[in-house]
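Enquirer: I am attaching a structure below and will ask some questions about it afterwards.
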Amino acid sequence: MATETAALGDLYTEVIGEHSRSPENKGALASATVRERGHNPSCGDEITLELEIADGIIKDGAFTGVGCAISQASTDIMIDLMRGKTVEEAHRLAQLFTAMIKREVTDDAALEELDEAVALKNISNMPARVKCAVLAWHTLEDLLKEGQTS
């Protein structure tokens, strides 16, 4: 069991490292229909999330900004997950991610639909890093709540 836990920890570290070193979704999105800025004043992480939403579906997404490996990886992973989802699905997945980080949802089966974002599950054990992990997800929620998605 300890070996399995260590292997999962290594996998999570690898996923976060890969997404922070080479974020596929980093850059401006020429087709963006909405954008929202997110900022974490306690550590200086800041992103601008850009989405192309048409007919209630997130067609594409990208981000610009600076931050630590966790915030950059979390943003990149989130955009991968949201591409092709409806606005309603995106909202629900953002809530599920936040519930995972707050340890309100811990069942692996319930978290499966978060795909690679599950790699950030153990961030909940590092309170100082939680804001880094949730920055993009809160920015997405702000964007969706503002009704800019129609």
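Naming works like this for the structure tokens: A, B, ... for the chains as they're shown, residue 1 at the start of each chain, ligands 1 onward in shown order.
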Could you pull the residues within 8 Å of Asn40 (chain A), counting only C-alpha atoms, minus those fewer than 2 positions along the same chain, as a ChimeraX atom specification?
Expert: /A:38,42-46,131-132,135
Enquirer: Please, which residues of chain A, numbered as in this document, come out strand (DSSP E or B) from DSSP, as a list of chain:residue names?
Expert: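 Of chain A, only A:Lys26, A:Val34, A:Arg35, A:Glu36, A:Arg37, A:Gly38, A:His39, A:Asn40, A:Asp45, A:Glu46, A:Ile47, A:Thr48, A:Leu49, A:Glu50, A:Leu51, A:Glu52, A:Ile53, A:Ala54, A:Ile57, A:Ile58, A:Lys59, A:Asp60, A:Gly61, A:Ala62, A:Phe63, A:Thr64, A:Gly65, A:Val66, A:Thr86 fall in strand (DSSP E or B).
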Enquirer: Grab the residues selected above and save them as a CSV table (one decimal), in the first residue's frame with N, CA, C and O atoms.
Expert:
```csv
chain,number,residue,atom,x,y,z
A,26,LYS,N,-1.2,27.7,-23.0
A,26,LYS,CA,-0.7,29.0,-22.6
A,26,LYS,C,-0.5,29.8,-23.9
A,26,LYS,O,0.1,29.4,-24.8
A,34,VAL,N,-15.0,35.4,-24.4
A,34,VAL,CA,-15.0,35.9,-23.0
A,34,VAL,C,-13.6,35.8,-22.4
A,34,VAL,O,-12.8,35.0,-22.8
A,35,ARG,N,-13.4,36.7,-21.4
A,35,ARG,CA,-12.1,36.6,-20.7
A,35,ARG,C,-12.3,37.1,-19.3
A,35,ARG,O,-13.2,37.9,-19.0
A,36,GLU,N,-11.5,36.6,-18.4
A,36,GLU,CA,-11.6,37.0,-17.0
A,36,GLU,C,-10.2,36.9,-16.4
A,36,GLU,O,-9.4,36.0,-16.7
A,37,ARG,N,-9.9,37.9,-15.6
A,37,ARG,CA,-8.6,37.9,-14.9
A,37,ARG,C,-8.7,37.4,-13.5
A,37,ARG,O,-9.7,37.7,-12.8
A,38,GLY,N,-7.8,36.5,-13.1
A,38,GLY,CA,-7.7,36.0,-11.8
A,38,GLY,C,-6.4,36.4,-11.2
A,38,GLY,O,-5.4,36.4,-11.8
A,39,HIS,N,-6.4,36.7,-9.9
A,39,HIS,CA,-5.2,37.1,-9.2
A,39,HIS,C,-5.2,36.6,-7.8
A,39,HIS,O,-6.2,36.6,-7.1
A,40,ASN,N,-4.0,36.1,-7.4
A,40,ASN,CA,-3.9,35.7,-6.0
A,40,ASN,C,-2.8,36.6,-5.3
A,40,ASN,O,-1.6,36.4,-5.5
A,45,ASP,N,0.5,35.0,-8.0
A,45,ASP,CA,0.0,34.3,-9.2
A,45,ASP,C,-1.1,35.2,-9.9
A,45,ASP,O,-2.0,35.7,-9.2
A,46,GLU,N,-1.1,35.3,-11.2
A,46,GLU,CA,-2.1,36.0,-11.9
A,46,GLU,C,-2.3,35.3,-13.3
A,46,GLU,O,-1.3,35.0,-13.9
A,47,ILE,N,-3.5,35.2,-13.7
A,47,ILE,CA,-3.8,34.6,-15.0
A,47,ILE,C,-4.9,35.5,-15.7
A,47,ILE,O,-5.7,36.1,-15.0
A,48,THR,N,-5.0,35.4,-17.0
A,48,THR,CA,-6.1,35.8,-17.7
A,48,THR,C,-6.6,34.6,-18.5
A,48,THR,O,-5.9,34.0,-19.3
A,49,LEU,N,-7.8,34.2,-18.1
A,49,LEU,CA,-8.5,33.0,-18.8
A,49,LEU,C,-9.3,33.5,-19.9
A,49,LEU,O,-10.1,34.4,-19.8
A,50,GLU,N,-9.1,32.9,-21.1
A,50,GLU,CA,-9.9,33.3,-22.3
A,50,GLU,C,-10.5,32.0,-22.8
A,50,GLU,O,-9.9,31.0,-22.9
A,51,LEU,N,-11.8,32.2,-23.1
A,51,LEU,CA,-12.6,31.0,-23.6
A,51,LEU,C,-13.3,31.4,-24.9
A,51,LEU,O,-13.8,32.6,-25.0
A,52,GLU,N,-13.5,30.5,-25.7
A,52,GLU,CA,-14.4,30.7,-26.9
A,52,GLU,C,-15.6,29.8,-26.6
A,52,GLU,O,-15.5,28.6,-26.4
A,53,ILE,N,-16.8,30.5,-26.3
A,53,ILE,CA,-18.0,29.8,-26.0
A,53,ILE,C,-19.0,30.1,-27.1
A,53,ILE,O,-19.2,31.3,-27.5
A,54,ALA,N,-19.6,29.1,-27.7
A,54,ALA,CA,-20.6,29.2,-28.7
A,54,ALA,C,-21.7,28.2,-28.4
A,54,ALA,O,-21.4,27.0,-28.2
A,57,ILE,N,-21.4,26.0,-25.4
A,57,ILE,CA,-20.4,25.0,-25.3
A,57,ILE,C,-19.0,25.7,-25.4
A,57,ILE,O,-18.8,26.6,-26.1
A,58,ILE,N,-18.1,25.2,-24.5
A,58,ILE,CA,-16.7,25.8,-24.5
A,58,ILE,C,-16.0,25.1,-25.6
A,58,ILE,O,-15.6,23.9,-25.5
A,59,LYS,N,-15.8,25.9,-26.7
A,59,LYS,CA,-15.1,25.3,-27.9
A,59,LYS,C,-13.6,25.3,-27.7
A,59,LYS,O,-13.0,24.4,-28.2
A,60,ASP,N,-13.1,26.3,-27.0
A,60,ASP,CA,-11.6,26.4,-26.9
A,60,ASP,C,-11.3,27.3,-25.7
A,60,ASP,O,-12.1,28.0,-25.2
A,61,GLY,N,-10.0,27.2,-25.3
A,61,GLY,CA,-9.6,28.0,-24.1
A,61,GLY,C,-8.1,28.2,-24.1
A,61,GLY,O,-7.4,27.4,-24.8
A,62,ALA,N,-7.7,29.2,-23.5
A,62,ALA,CA,-6.2,29.5,-23.3
A,62,ALA,C,-6.1,30.4,-22.1
A,62,ALA,O,-7.0,31.0,-21.6
A,63,PHE,N,-4.8,30.6,-21.7
A,63,PHE,CA,-4.5,31.5,-20.6
A,63,PHE,C,-3.2,32.2,-20.8
A,63,PHE,O,-2.3,31.7,-21.5
A,64,THR,N,-3.0,33.3,-20.2
A,64,THR,CA,-1.8,34.0,-20.1
A,64,THR,C,-1.6,34.4,-18.7
A,64,THR,O,-2.5,34.4,-17.9
A,65,GLY,N,-0.4,34.7,-18.3
A,65,GLY,CA,-0.1,35.1,-16.9
A,65,GLY,C,1.1,34.4,-16.4
A,65,GLY,O,1.8,33.7,-17.1
A,66,VAL,N,1.3,34.7,-15.1
A,66,VAL,CA,2.5,34.2,-14.4
A,66,VAL,C,2.1,33.5,-13.1
A,66,VAL,O,1.1,33.9,-12.5
A,86,THR,N,-20.3,21.7,-21.9
A,86,THR,CA,-21.3,22.8,-21.8
A,86,THR,C,-20.9,23.7,-20.6
A,86,THR,O,-20.2,23.3,-19.7
```
Enquirer: Looking at only C-alpha atoms, which of A:Ile77, A:Ala28, A:Leu143, A:Ala128 is the one that sits closest to His91 (chain A)?
Expert: A:Leu143
Enquirer: With only C-alpha atoms as the counted atoms, please give the residues lying no more than 10 Å from Thr98 (chain A), apart from itself and same-chain residues fewer than 2 positions off, as a list in words.
Expert: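 Once the adjacent positions are removed, what remains is Arg92, Leu93, Ala94, Gln95, Leu96, Met100, Ile101, Lys102, Arg103, Glu104, Val105, Lys121, Val130, Ala133, Val134, Trp137 and His138 of chain A.
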Enquirer: Find the spatial neighbours of Leu81 (chain A), counting only C-alpha atoms, within a cut-off of 10 Å - ignore same-chain residues fewer than 6 positions away - and output them as an NGL selection string.
Expert: :A and (75 or 90 or 93 or 113-117)
Enquirer: Pick out the residues sitting within 8 Å of Gln72 (chain A), and hand them over as a tab-separated table (two decimals) with N, CA and C atoms, in the first residue's frame; count only C-alpha atoms, and ignore anything fewer than 6 positions along from it in its own chain.
Expert:
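Written output follows (around-v6.tsv):
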```tsv
chain	number	residue	atom	x	y	z
A	19	HIS	N	2.66	19.72	-17.00
A	19	HIS	CA	1.76	20.82	-17.35
A	19	HIS	C	2.34	22.19	-17.01
A	20	SER	N	3.19	22.26	-16.00
A	20	SER	CA	3.76	23.57	-15.65
A	20	SER	C	4.95	23.91	-16.56
A	23	PRO	N	2.97	24.07	-20.75
A	23	PRO	CA	1.51	24.20	-20.82
A	23	PRO	C	1.03	24.37	-22.26
A	66	VAL	N	1.34	34.69	-15.12
A	66	VAL	CA	2.52	34.16	-14.42
A	66	VAL	C	2.10	33.54	-13.10
```
Enquirer: Ranking A:Met78, A:Ile70, A:Leu140, A:Thr106 by minimum distance to Glu24 (chain A) and counting only C-alpha atoms, which one comes first?
Expert: A:Met78
Enquirer: Smallest atom-to-atom distance to Val87 (chain A): which of A:Thr13, A:Gly56, A:Ala32, A:Gly27, using only C-alpha atoms?
Expert: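 Among A:Thr13, A:Gly56, A:Ala32, A:Gly27, it is A:Gly56 that comes nearest to Val87 (chain A).
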Enquirer: Out of A:Asp76, A:Asp55, A:Asp142, A:Glu112, which residue has the shortest atom-to-atom distance to Gly17 (chain A) when counting only C-alpha atoms?
Expert: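 Counting only C-alpha atoms, the residue closest to Gly17 (chain A) is A:Asp76.
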Enquirer: Please, what distance in Å, to one decimal, runs between CA of Ile16 (chain A) and CA of Lys145 (chain A)?
Expert: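 CA of Ile16 (chain A) sits 27.6 Å away from CA of Lys145 (chain A).
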